[in-house]
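K.L.:
My structure file coords_18.cif, mmCIF, C-alpha atoms and all ligand atoms, is below:
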data_final
#
loop_
_atom_site.label_atom_id
_atom_site.label_comp_id
_atom_site.auth_asym_id
_atom_site.auth_seq_id
_atom_site.Cartn_x
_atom_site.Cartn_y
_atom_site.Cartn_z
CA MET A 1 -85.21 47.41 41.85
CA VAL A 2 -83.94 50.99 41.70
CA SER A 3 -81.64 51.87 44.59
CA GLN A 4 -82.93 54.05 47.41
CA ARG A 5 -80.05 56.38 46.64
CA LEU A 6 -81.28 57.00 43.10
CA GLN A 7 -84.82 57.50 44.34
CA THR A 8 -83.69 60.60 46.24
CA ILE A 9 -83.07 62.59 43.05
CA PRO A 10 -84.91 63.64 39.90
CA ALA A 11 -83.27 63.54 36.46
CA SER A 12 -81.40 66.74 35.57
CA GLY A 13 -83.90 69.49 34.72
CA THR A 14 -81.60 71.14 32.19
CA ILE A 15 -80.81 67.91 30.37
CA ALA A 16 -84.46 66.77 30.42
CA ILE A 17 -85.59 69.95 28.63
CA SER A 18 -82.76 69.80 26.18
CA ASN A 19 -83.68 66.18 25.34
CA LEU A 20 -87.30 67.21 24.84
CA VAL A 21 -86.24 70.07 22.56
CA SER A 22 -84.14 67.67 20.45
CA GLN A 23 -87.10 65.33 20.16
CA MET A 24 -89.50 68.13 19.11
CA LYS A 25 -86.98 69.43 16.58
CA ALA A 26 -86.61 65.91 15.15
CA GLU A 27 -90.39 65.88 14.71
CA GLY A 28 -90.02 68.98 12.53
CA ILE A 29 -91.24 71.54 15.10
CA ASP A 30 -89.46 74.88 14.90
CA ILE A 31 -88.22 75.54 18.44
CA VAL A 32 -86.10 78.42 19.67
CA SER A 33 -84.07 76.98 22.52
CA PHE A 34 -82.79 79.01 25.43
CA SER A 35 -82.58 75.86 27.52
CA MET A 36 -79.02 74.62 27.40
CA GLY A 37 -76.07 76.54 28.80
CA GLU A 38 -73.99 75.95 25.73
CA PRO A 39 -72.11 78.43 23.52
CA ASP A 40 -73.26 78.20 19.89
CA PHE A 41 -69.70 78.95 18.70
CA THR A 42 -67.48 76.26 17.24
CA THR A 43 -64.37 75.39 19.24
CA PRO A 44 -61.39 77.59 18.18
CA SER A 45 -59.64 76.04 15.16
CA ASN A 46 -56.18 75.84 16.79
CA VAL A 47 -57.73 73.56 19.44
CA ILE A 48 -59.43 71.37 16.83
CA ASP A 49 -56.14 71.13 14.91
CA ALA A 50 -54.29 70.05 18.04
CA ALA A 51 -56.81 67.24 18.62
CA CYS A 52 -56.58 66.07 14.98
CA ASP A 53 -52.77 66.17 15.01
CA SER A 54 -52.70 64.18 18.19
CA LEU A 55 -55.06 61.56 16.72
CA HIS A 56 -52.91 61.23 13.60
CA GLU A 57 -49.85 60.86 15.79
CA GLY A 58 -51.55 57.86 17.42
CA PHE A 59 -52.15 59.44 20.81
CA THR A 60 -55.14 57.17 21.28
CA HIS A 61 -54.36 55.20 24.42
CA TYR A 62 -55.06 55.46 28.14
CA THR A 63 -53.33 58.29 29.95
CA PRO A 64 -52.44 58.50 33.66
CA SER A 65 -55.72 58.70 35.58
CA THR A 66 -54.81 62.15 36.92
CA GLY A 67 -54.24 63.45 33.37
CA ILE A 68 -51.19 63.95 31.15
CA PRO A 69 -48.43 65.83 32.99
CA GLU A 70 -48.26 68.70 30.46
CA LEU A 71 -51.99 69.39 30.87
CA ARG A 72 -51.87 69.28 34.67
CA LYS A 73 -49.02 71.77 34.46
CA ALA A 74 -50.87 73.96 31.91
CA VAL A 75 -54.00 74.06 34.10
CA ALA A 76 -51.95 74.97 37.18
CA GLU A 77 -50.09 77.74 35.36
CA TYR A 78 -53.28 79.14 33.80
CA THR A 79 -55.11 79.19 37.14
CA LYS A 80 -52.16 80.69 38.97
CA LYS A 81 -51.69 83.39 36.36
CA ILE A 82 -55.32 84.36 35.85
CA ASP A 83 -56.84 83.76 39.28
CA ASN A 84 -53.83 83.98 41.56
CA VAL A 85 -54.45 80.52 43.01
CA PRO A 86 -51.29 79.01 44.57
CA CYS A 87 -51.35 75.67 42.74
CA ALA A 88 -48.95 73.33 40.95
CA ALA A 89 -49.40 70.30 38.67
CA GLU A 90 -49.77 67.92 41.65
CA ASN A 91 -52.86 69.89 42.72
CA VAL A 92 -54.71 69.22 39.45
CA LEU A 93 -56.92 66.29 38.49
CA ILE A 94 -58.05 66.26 34.87
CA THR A 95 -61.67 65.13 34.69
CA PRO A 96 -64.94 66.42 33.19
CA SER A 97 -66.18 69.27 35.41
CA LYS A 98 -69.46 67.58 36.26
CA GLN A 99 -67.58 64.40 37.12
CA ALA A 100 -65.31 66.51 39.33
CA ILE A 101 -68.35 67.78 41.25
CA PHE A 102 -69.86 64.32 41.53
CA MET A 103 -66.61 62.71 42.70
CA SER A 104 -65.83 65.53 45.15
CA ALA A 105 -69.24 65.01 46.73
CA LEU A 106 -68.63 61.26 47.02
CA ALA A 107 -65.11 61.78 48.31
CA PHE A 108 -65.92 64.15 51.17
CA ILE A 109 -69.59 63.84 52.16
CA ASP A 110 -70.75 61.12 54.55
CA PRO A 111 -74.39 60.12 55.07
CA GLY A 112 -76.06 62.79 57.20
CA ASP A 113 -73.44 65.48 56.51
CA GLU A 114 -74.91 68.87 55.75
CA VAL A 115 -73.90 70.85 52.69
CA ILE A 116 -74.70 74.53 52.43
CA LEU A 117 -75.56 75.97 49.05
CA PRO A 118 -77.22 79.13 47.77
CA ASP A 119 -80.78 78.94 46.49
CA PRO A 120 -81.13 79.13 43.53
CA SER A 121 -78.10 77.24 42.28
CA TRP A 122 -77.29 74.88 39.44
CA VAL A 123 -79.41 71.75 39.17
CA SER A 124 -76.84 69.03 39.82
CA TYR A 125 -75.27 70.21 43.09
CA GLU A 126 -78.25 69.09 45.15
CA ALA A 127 -78.37 65.77 43.30
CA CYS A 128 -74.65 65.11 43.90
CA VAL A 129 -75.03 65.92 47.60
CA ARG A 130 -78.01 63.58 47.91
CA LEU A 131 -76.31 60.74 46.02
CA ALA A 132 -73.47 60.96 48.54
CA GLY A 133 -76.08 60.67 51.32
CA GLY A 134 -75.66 64.31 52.35
CA VAL A 135 -78.35 66.80 53.30
CA PRO A 136 -78.57 69.97 51.19
CA VAL A 137 -79.12 73.11 53.27
CA TYR A 138 -80.32 75.93 51.05
CA ILE A 139 -79.51 79.56 51.83
CA PRO A 140 -82.12 81.80 50.21
CA THR A 141 -80.85 84.61 47.99
CA ARG A 142 -82.94 87.51 46.75
CA PHE A 143 -83.64 89.18 43.44
CA GLU A 144 -83.34 92.52 45.31
CA ASP A 145 -79.72 91.65 46.28
CA ASN A 146 -78.80 90.50 42.78
CA PHE A 147 -78.84 86.97 44.24
CA VAL A 148 -75.58 87.54 46.13
CA VAL A 149 -75.46 85.06 49.03
CA ASP A 150 -75.26 86.63 52.49
CA PRO A 151 -72.23 85.29 54.44
CA ALA A 152 -74.07 85.90 57.74
CA LEU A 153 -76.80 83.48 56.64
CA ILE A 154 -74.15 80.90 55.76
CA GLU A 155 -72.60 81.23 59.19
CA ALA A 156 -76.00 80.98 60.90
CA ALA A 157 -76.71 77.72 59.02
CA ILE A 158 -73.56 75.97 60.23
CA THR A 159 -74.07 73.01 62.59
CA PRO A 160 -71.69 70.31 63.85
CA ARG A 161 -72.74 68.25 60.78
CA THR A 162 -71.79 70.91 58.22
CA LYS A 163 -69.13 69.47 55.94
CA MET A 164 -69.12 71.61 52.86
CA ILE A 165 -70.25 74.87 51.26
CA ILE A 166 -70.89 74.89 47.52
CA LEU A 167 -70.38 78.17 45.66
CA ASN A 168 -70.70 79.01 41.98
CA THR A 169 -69.43 82.36 40.83
CA PRO A 170 -70.35 83.61 38.27
CA SER A 171 -73.58 81.80 38.96
CA ASN A 172 -75.70 79.54 36.88
CA PRO A 173 -78.67 80.37 36.77
CA THR A 174 -78.55 83.99 37.99
CA GLY A 175 -75.33 85.36 36.47
CA CYS A 176 -74.45 86.79 39.90
CA VAL A 177 -70.75 87.41 40.53
CA ILE A 178 -69.99 87.19 44.25
CA PRO A 179 -68.02 90.34 45.21
CA LYS A 180 -64.52 89.90 46.65
CA ASP A 181 -65.40 91.19 50.13
CA LYS A 182 -68.28 88.72 50.52
CA LEU A 183 -66.10 85.87 49.28
CA LYS A 184 -63.46 86.82 51.83
CA GLN A 185 -66.07 86.67 54.59
CA ILE A 186 -67.15 83.22 53.41
CA ALA A 187 -63.50 82.09 53.29
CA ASP A 188 -62.98 83.26 56.88
CA ILE A 189 -66.12 81.40 58.00
CA ALA A 190 -65.02 78.21 56.21
CA MET A 191 -61.55 78.35 57.76
CA ALA A 192 -62.85 79.14 61.25
CA HIS A 193 -65.21 76.15 61.15
CA ASN A 194 -62.88 73.86 59.16
CA ILE A 195 -65.40 73.40 56.35
CA LYS A 196 -64.52 72.64 52.74
CA VAL A 197 -65.69 74.93 49.96
CA MET A 198 -66.45 73.39 46.60
CA SER A 199 -66.06 76.39 44.33
CA ASP A 200 -67.41 75.91 40.82
CA GLU A 201 -65.73 78.58 38.70
CA ILE A 202 -66.59 77.25 35.25
CA TYR A 203 -67.82 80.73 34.12
CA SER A 204 -64.83 82.65 35.53
CA ALA A 205 -63.75 83.94 32.09
CA ILE A 206 -67.22 85.26 31.33
CA VAL A 207 -67.53 88.40 33.44
CA TYR A 208 -68.82 91.71 32.05
CA GLU A 209 -68.75 94.00 35.06
CA GLY A 210 -66.45 93.79 38.07
CA GLU A 211 -64.03 90.89 38.24
CA HIS A 212 -63.93 87.25 39.14
CA THR A 213 -62.19 86.29 42.37
CA SER A 214 -61.37 82.72 43.24
CA ILE A 215 -62.00 81.91 46.89
CA ALA A 216 -58.90 79.66 46.70
CA SER A 217 -56.73 82.76 46.24
CA PHE A 218 -57.22 84.06 49.81
CA PRO A 219 -54.32 83.31 52.17
CA GLY A 220 -54.82 79.97 53.91
CA MET A 221 -57.88 79.08 51.88
CA PHE A 222 -56.31 76.84 49.24
CA ASP A 223 -56.28 73.75 51.46
CA HIS A 224 -59.97 74.26 52.25
CA THR A 225 -61.05 74.57 48.62
CA ILE A 226 -61.87 72.22 45.80
CA LEU A 227 -61.86 74.47 42.77
CA ILE A 228 -63.79 73.13 39.79
CA SER A 229 -63.44 74.50 36.30
CA GLY A 230 -63.10 73.43 32.68
CA LEU A 231 -63.13 74.34 29.03
CA SER A 232 -66.81 73.91 28.10
CA LYS A 233 -68.04 77.45 28.53
CA SER A 234 -65.03 79.73 27.97
CA PHE A 235 -63.56 77.84 25.00
CA ALA A 236 -66.87 76.60 23.50
CA MET A 237 -65.90 72.99 24.17
CA THR A 238 -69.03 71.47 25.73
CA GLY A 239 -68.87 68.28 23.64
CA TRP A 240 -65.23 67.59 24.52
CA ARG A 241 -66.06 66.89 28.20
CA LEU A 242 -62.84 68.24 29.65
CA GLY A 243 -62.39 70.01 32.94
CA TRP A 244 -60.53 69.68 36.22
CA ALA A 245 -60.51 69.81 39.99
CA ILE A 246 -57.81 71.77 41.82
CA ALA A 247 -57.20 71.03 45.50
CA SER A 248 -54.51 70.02 47.99
CA ALA A 249 -52.34 67.15 46.72
CA GLU A 250 -53.91 64.86 49.33
CA ASP A 251 -57.47 65.72 48.32
CA ILE A 252 -56.56 65.19 44.67
CA LYS A 253 -55.16 61.76 45.53
CA ASN A 254 -58.42 60.87 47.25
CA ILE A 255 -60.66 62.12 44.43
CA ASN A 256 -58.43 60.28 41.97
CA LYS A 257 -59.28 57.01 43.73
CA LEU A 258 -62.82 57.48 42.45
CA GLN A 259 -61.59 58.45 39.01
CA SER A 260 -59.46 55.29 38.85
CA HIS A 261 -62.55 53.18 39.55
CA SER A 262 -64.90 55.05 37.23
CA ILE A 263 -63.78 56.79 34.02
CA SER A 264 -60.06 55.78 34.42
CA CYS A 265 -58.91 58.92 32.62
CA CYS A 266 -60.10 61.63 30.24
CA VAL A 267 -59.99 61.16 26.47
CA SER A 268 -56.31 61.18 25.49
CA PHE A 269 -56.35 63.42 22.38
CA VAL A 270 -58.78 65.84 24.05
CA GLN A 271 -56.18 66.37 26.74
CA LYS A 272 -53.64 67.38 24.07
CA ALA A 273 -56.20 69.80 22.62
CA ALA A 274 -56.77 71.22 26.09
CA VAL A 275 -53.06 72.06 26.42
CA GLU A 276 -53.41 74.09 23.22
CA ALA A 277 -56.59 75.81 24.47
CA LEU A 278 -54.88 76.95 27.67
CA SER A 279 -51.40 77.71 26.34
CA GLY A 280 -52.16 78.83 22.75
CA PRO A 281 -53.69 82.12 21.48
CA GLN A 282 -56.52 83.37 23.70
CA GLN A 283 -58.19 85.85 21.33
CA SER A 284 -61.19 83.63 20.45
CA LYS A 285 -62.06 83.42 24.15
CA TYR A 286 -62.11 87.22 24.44
CA ASP A 287 -64.12 87.55 21.22
CA MET A 288 -66.75 85.13 22.51
CA VAL A 289 -67.09 87.05 25.78
CA LYS A 290 -67.56 90.25 23.78
CA ALA A 291 -70.30 88.59 21.74
CA PHE A 292 -71.98 87.27 24.90
CA LYS A 293 -72.08 90.78 26.36
CA LYS A 294 -73.76 92.15 23.24
CA ARG A 295 -76.29 89.31 23.39
CA ARG A 296 -76.90 89.88 27.11
CA ASP A 297 -77.70 93.55 26.50
CA LEU A 298 -80.02 92.70 23.61
CA ALA A 299 -81.81 89.97 25.58
CA LEU A 300 -82.17 92.24 28.62
CA ASP A 301 -83.74 95.05 26.58
CA LEU A 302 -86.20 92.67 24.99
CA ILE A 303 -87.14 90.90 28.24
CA ARG A 304 -87.62 94.16 30.12
CA ASP A 305 -89.93 95.29 27.35
CA ILE A 306 -92.40 92.51 28.21
CA PRO A 307 -95.17 93.84 30.47
CA GLY A 308 -94.90 92.45 34.02
CA MET A 309 -91.38 91.14 33.58
CA GLU A 310 -88.38 92.26 35.65
CA CYS A 311 -84.78 91.22 35.27
CA ASN A 312 -81.60 92.33 36.97
CA THR A 313 -78.39 92.80 35.03
CA PRO A 314 -76.27 89.66 35.42
CA ALA A 315 -72.57 90.51 35.70
CA GLY A 316 -71.33 87.18 34.36
CA ALA A 317 -72.07 83.77 32.77
CA PHE A 318 -74.62 83.72 29.93
CA TYR A 319 -77.98 83.47 31.65
CA LEU A 320 -80.86 85.83 32.39
CA PHE A 321 -83.08 84.93 35.32
CA PRO A 322 -86.19 87.04 34.79
CA LYS A 323 -89.04 87.34 37.25
CA TYR A 324 -92.59 87.14 35.90
CA ASN A 325 -95.77 88.39 37.52
CA LYS A 326 -98.23 85.62 36.61
CA ASP A 327 -99.69 83.26 39.16
CA ILE A 328 -98.39 80.18 37.36
CA PRO A 329 -95.77 77.76 38.73
CA SER A 330 -92.52 78.09 36.80
CA ALA A 331 -92.61 74.45 35.67
CA LYS A 332 -96.08 75.00 34.14
CA LEU A 333 -94.98 78.27 32.58
CA ALA A 334 -91.93 76.65 30.96
CA GLU A 335 -94.11 73.81 29.70
CA ALA A 336 -96.62 76.23 28.17
CA LEU A 337 -93.87 78.32 26.57
CA LEU A 338 -92.42 75.19 24.98
CA LYS A 339 -95.65 73.49 23.89
CA GLU A 340 -97.61 76.57 22.82
CA GLY A 341 -94.95 79.21 22.21
CA HIS A 342 -92.28 76.88 20.81
CA VAL A 343 -89.59 78.50 22.91
CA ALA A 344 -87.60 76.52 25.48
CA VAL A 345 -86.56 77.99 28.84
CA THR A 346 -85.67 76.29 32.12
CA PRO A 347 -88.12 76.71 35.02
CA GLY A 348 -86.67 78.56 38.01
CA THR A 349 -87.61 75.77 40.40
CA ALA A 350 -85.16 73.43 38.65
CA PHE A 351 -82.54 75.44 40.58
CA GLY A 352 -84.15 75.37 44.03
CA PRO A 353 -87.28 76.61 45.83
CA CYS A 354 -86.31 80.31 45.53
CA GLY A 355 -86.50 79.91 41.75
CA GLU A 356 -90.30 79.91 41.88
CA GLY A 357 -91.64 82.85 39.87
CA PHE A 358 -88.54 82.92 37.64
CA PHE A 359 -87.23 81.15 34.57
CA ARG A 360 -83.79 80.88 33.05
CA ILE A 361 -82.80 81.99 29.57
CA SER A 362 -79.45 80.90 28.17
CA TYR A 363 -78.51 83.63 25.71
CA ALA A 364 -75.44 81.81 24.35
CA THR A 365 -77.20 81.71 21.01
CA SER A 366 -77.40 84.02 17.96
CA GLU A 367 -78.91 87.51 18.07
CA ASP A 368 -81.54 86.37 15.54
CA GLN A 369 -82.58 83.52 17.81
CA ILE A 370 -82.66 85.88 20.80
CA GLN A 371 -84.97 88.30 18.92
CA GLU A 372 -87.24 85.53 17.69
CA GLY A 373 -87.33 83.58 20.97
CA ILE A 374 -88.09 86.55 23.19
CA ALA A 375 -90.77 87.71 20.74
CA ARG A 376 -92.36 84.27 21.20
CA ILE A 377 -92.15 84.59 24.99
CA LYS A 378 -93.80 88.01 24.79
CA LYS A 379 -96.62 86.70 22.62
CA SER A 380 -97.23 83.63 24.77
CA MET A 381 -97.14 85.59 28.04
CA ALA A 382 -99.74 88.01 26.65
CA GLN A 383 -102.10 85.06 26.13
CA MET A 384 -101.68 83.60 29.65
N1 LIG A 401 -74.50 73.46 32.74
C1 LIG A 401 -75.34 73.65 31.58
C2 LIG A 401 -76.70 74.17 31.96
O1 LIG A 401 -76.96 74.46 33.10
C3 LIG A 401 -75.42 72.38 30.78
C4 LIG A 401 -76.40 71.37 31.27
C5 LIG A 401 -76.06 70.83 32.60
O2 LIG A 401 -74.95 70.34 32.73
O3 LIG A 401 -76.88 70.95 33.48
O4 LIG A 401 -77.52 74.33 31.07
#
Translate the structure of the given file into structure tokens.
P.N.:
Amino acid sequence: MVSQRLQTIPASGTIAISNLVSQMKAEGIDIVSFSMGEPDFTTPSNVIDAACDSLHEGFTHYTPSTGIPELRKAVAEYTKKIDNVPCAAENVLITPSKQAIFMSALAFIDPGDEVILPDPSWVSYEACVRLAGGVPVYIPTRFEDNFVVDPALIEAAITPRTKMIILNTPSNPTGCVIPKDKLKQIADIAMAHNIKVMSDEIYSAIVYEGEHTSIASFPGMFDHTILISGLSKSFAMTGWRLGWAIASAEDIKNINKLQSHSISCCVSFVQKAAVEALSGPQQSKYDMVKAFKKRRDLALDLIRDIPGMECNTPAGAFYLFPKYNKDIPSAKLAEALLKEGHVAVTPGTAFGPCGEGFFRISYATSEDQIQEGIARIKKSMAQM
């Protein structure tokens, strides 16, 4: 009875492991989890207070499907100020970031359309493309190049059916930050071929070396971009499910059609809290990034200390993507680490074929957990 559409995709690899970890923990097994890309910090208290105040004020009803006007305005101002993207409130649709990706795929991809995306890249892009009937076209990236996608390979992959390019900088799972000159080349290619870029910039605030550039900031590129972002990672707000899409007013109108027939609108009091996150004090965001950098350096030292393991220095996000030298498929390795070593990682192949021989560690967890978890990886790898 399951639709053919659904049969084209697996369940999300990241969510599947996280569910398994929860189940093992509930059974009393002591697991160190590096599986979920989720900050362990609590949401900043000013944001929590804003949500509580709004609840007590009775702000508990539907909102406009596009989002409350003050939040659309706050998102536009924040994105303009920080990333130099020429947007206004009418260019913003408030929606959970993953929903934004899903709806953008449904809104712009027709059956048979090709969508170019770097390999490896985050687990759900391919699934969203397939659910829309599109054909994912992977562009291999290399450990030796810090996983930066080569614009020439993107251009070579373009056919008359190419509809979209999906980018994610900083990247999940590699932590790669695409340099400005490469992004400019990709923008020029997209404009020359009239192709949309879905640019997932959810980790834009979490950059340790170099700087984040939004592809939507290049002259002429705004109308070709659907910029996706949200509060989950930079404000430690994963459970609040609040993000946005930024695009031309016409594209936003079209994506909003899907929103109006699906979730209707985002949670009302969460939208009020989001205004506070974006317009209130920003210090907690900076403090979290500082802590992530310290954790990255610790995790890198420990991983590189494991015989046979190599890892490049990710410039952003909160993931390591180490390469191991055992002749074991990454899915099997991750399974063995979880079942025997009691440490959860995500297999590299969850992110595309080029992820074979790698696994992903989310280091958005305490230094104690990082020490303990990587010690378990070291011990288990020695026994394989
Ligand atoms: N984006 C996070 C991750 O990759 C959360 C899980 C998910 O949405 O896939 O771990």
K.L.:
Mind giving me the axis-aligned box for range 53-61 of chain A with 5 Å on every side, centre plus edges in Å to one decimal, as AutoDock Vina command-line options?
P.N.:
--center_x -52.5 --center_y 60.7 --center_z 19.0 --size_x 15.3 --size_y 21.0 --size_z 20.8
K.L.:
Please, which residues have at least one atom within 7 Å of an atom of ligand LIG 401 (chain A), using all atoms listed in the file, listed as number ranges by chain?
P.N.:
A: 12, 14-15, 35-38, 122-124, 172
K.L.:
Excluding Ala89 in chain A and its own-chain neighbours fewer than 4 positions away, which residues fall within 6 Å of it when counting all atoms listed in the file? Please give them as a PyMOL selection string.
P.N.:
chain A and resi 72-73+76
K.L.:
So how far away is CA of Gly243 in chain A from CA of Leu227 in chain A, in Å?
P.N.:
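Taking CA of Leu227 in chain A and CA of Gly243 in chain A, their separation equals 10.8 Å.
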K.L.:
Tell me, as a list in words, which residues lie within 7 Å of Ser330 in chain A, counting only C-alpha atoms; anything in the same chain fewer than 6 positions away does not count.
P.N.:
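Contacts, in chain order: Pro347, Gly348, Thr349, Glu356, Gly357, Phe358 and Phe359 of chain A.
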K.L.:
Determine, counting all atoms listed in the file, which protein, DNA and RNA residues have an atom within 9 Å of an atom of Ala274 in chain A; residues of the same chain fewer than 2 positions away are not included. Present the result as a list of chain:residue names.
P.N.:
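In the requested form, the answer reads A:Val47, A:Ala50, A:Ala51, A:Leu71, A:Ala74, A:Val75, A:Leu231, A:Leu242, A:Gly243, A:Phe269, A:Val270, A:Gln271, A:Lys272, A:Glu276, A:Ala277, A:Leu278, A:Ser279.
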K.L.:
Near Ala315 in chain A, within 8 Å and counting all atoms listed in the file, which residues show up once chain neighbours fewer than 4 positions away are dropped, as an MDAnalysis selection string?
P.N.:
chainID A and resid 170 175:177 207:210
K.L.:
Using C-alpha atoms, can you write the selected residues to a file as a PDB file, in the frame of the given file?
P.N.:
ATOM      1  CA  PRO A 170     -70.350  83.610  38.270  1.00  0.00           C
ATOM      2  CA  GLY A 175     -75.330  85.360  36.470  1.00  0.00           C
ATOM      3  CA  CYS A 176     -74.450  86.790  39.900  1.00  0.00           C
ATOM      4  CA  VAL A 177     -70.750  87.410  40.530  1.00  0.00           C
ATOM      5  CA  VAL A 207     -67.530  88.400  33.440  1.00  0.00           C
ATOM      6  CA  TYR A 208     -68.820  91.710  32.050  1.00  0.00           C
ATOM      7  CA  GLU A 209     -68.750  94.000  35.060  1.00  0.00           C
ATOM      8  CA  GLY A 210     -66.450  93.790  38.070  1.00  0.00           C
TER       9      GLY A 210
END
K.L.:
Would you mind putting all heavy atoms back on range 213-220 of chain A and writing the result as an mmCIF file, in the coordinates of the input?
P.N.:
data_model
loop_
_atom_site.group_PDB
_atom_site.id
_atom_site.type_symbol
_atom_site.label_atom_id
_atom_site.label_comp_id
_atom_site.auth_asym_id
_atom_site.auth_seq_id
_atom_site.Cartn_x
_atom_site.Cartn_y
_atom_site.Cartn_z
ATOM 1 N N THR A 213 -63.192 86.644 41.360
ATOM 2 C CA THR A 213 -62.190 86.290 42.370
ATOM 3 C C THR A 213 -62.378 84.817 42.703
ATOM 4 O O THR A 213 -63.507 84.362 42.884
ATOM 5 C CB THR A 213 -62.435 87.103 43.674
ATOM 6 O OG1 THR A 213 -62.428 88.493 43.335
ATOM 7 C CG2 THR A 213 -61.358 86.830 44.703
ATOM 8 N N SER A 214 -61.272 84.105 42.797
ATOM 9 C CA SER A 214 -61.370 82.720 43.240
ATOM 10 C C SER A 214 -61.197 82.687 44.758
ATOM 11 O O SER A 214 -60.233 83.262 45.292
ATOM 12 C CB SER A 214 -60.276 81.863 42.593
ATOM 13 O OG SER A 214 -60.344 80.568 43.163
ATOM 14 N N ILE A 215 -62.088 81.993 45.426
ATOM 15 C CA ILE A 215 -62.000 81.910 46.890
ATOM 16 C C ILE A 215 -60.695 81.209 47.303
ATOM 17 O O ILE A 215 -60.159 81.461 48.391
ATOM 18 C CB ILE A 215 -63.252 81.203 47.479
ATOM 19 C CG1 ILE A 215 -63.356 81.476 48.984
ATOM 20 C CG2 ILE A 215 -63.260 79.701 47.190
ATOM 21 C CD1 ILE A 215 -64.716 81.206 49.579
ATOM 22 N N ALA A 216 -60.148 80.380 46.393
ATOM 23 C CA ALA A 216 -58.900 79.660 46.700
ATOM 24 C C ALA A 216 -57.690 80.584 46.737
ATOM 25 O O ALA A 216 -56.600 80.169 47.139
ATOM 26 C CB ALA A 216 -58.680 78.557 45.666
ATOM 27 N N SER A 217 -57.874 81.840 46.297
ATOM 28 C CA SER A 217 -56.730 82.760 46.240
ATOM 29 C C SER A 217 -56.483 83.469 47.578
ATOM 30 O O SER A 217 -55.451 84.103 47.761
ATOM 31 C CB SER A 217 -56.943 83.801 45.131
ATOM 32 O OG SER A 217 -58.030 84.653 45.459
ATOM 33 N N PHE A 218 -57.423 83.377 48.527
ATOM 34 C CA PHE A 218 -57.220 84.060 49.810
ATOM 35 C C PHE A 218 -56.199 83.283 50.660
ATOM 36 O O PHE A 218 -56.212 82.041 50.657
ATOM 37 C CB PHE A 218 -58.535 84.183 50.592
ATOM 38 C CG PHE A 218 -59.529 85.094 49.931
ATOM 39 C CD1 PHE A 218 -60.763 84.609 49.496
ATOM 40 C CD2 PHE A 218 -59.235 86.438 49.727
ATOM 41 C CE1 PHE A 218 -61.677 85.445 48.877
ATOM 42 C CE2 PHE A 218 -60.154 87.275 49.105
ATOM 43 C CZ PHE A 218 -61.367 86.773 48.678
ATOM 44 N N PRO A 219 -55.343 83.997 51.376
ATOM 45 C CA PRO A 219 -54.320 83.310 52.170
ATOM 46 C C PRO A 219 -54.924 82.240 53.082
ATOM 47 O O PRO A 219 -55.910 82.510 53.781
ATOM 48 C CB PRO A 219 -53.693 84.446 53.000
ATOM 49 C CG PRO A 219 -53.968 85.686 52.212
ATOM 50 C CD PRO A 219 -55.268 85.457 51.493
ATOM 51 N N GLY A 220 -54.364 81.056 53.041
ATOM 52 C CA GLY A 220 -54.820 79.970 53.910
ATOM 53 C C GLY A 220 -56.006 79.194 53.389
ATOM 54 O O GLY A 220 -56.377 78.160 53.951
#
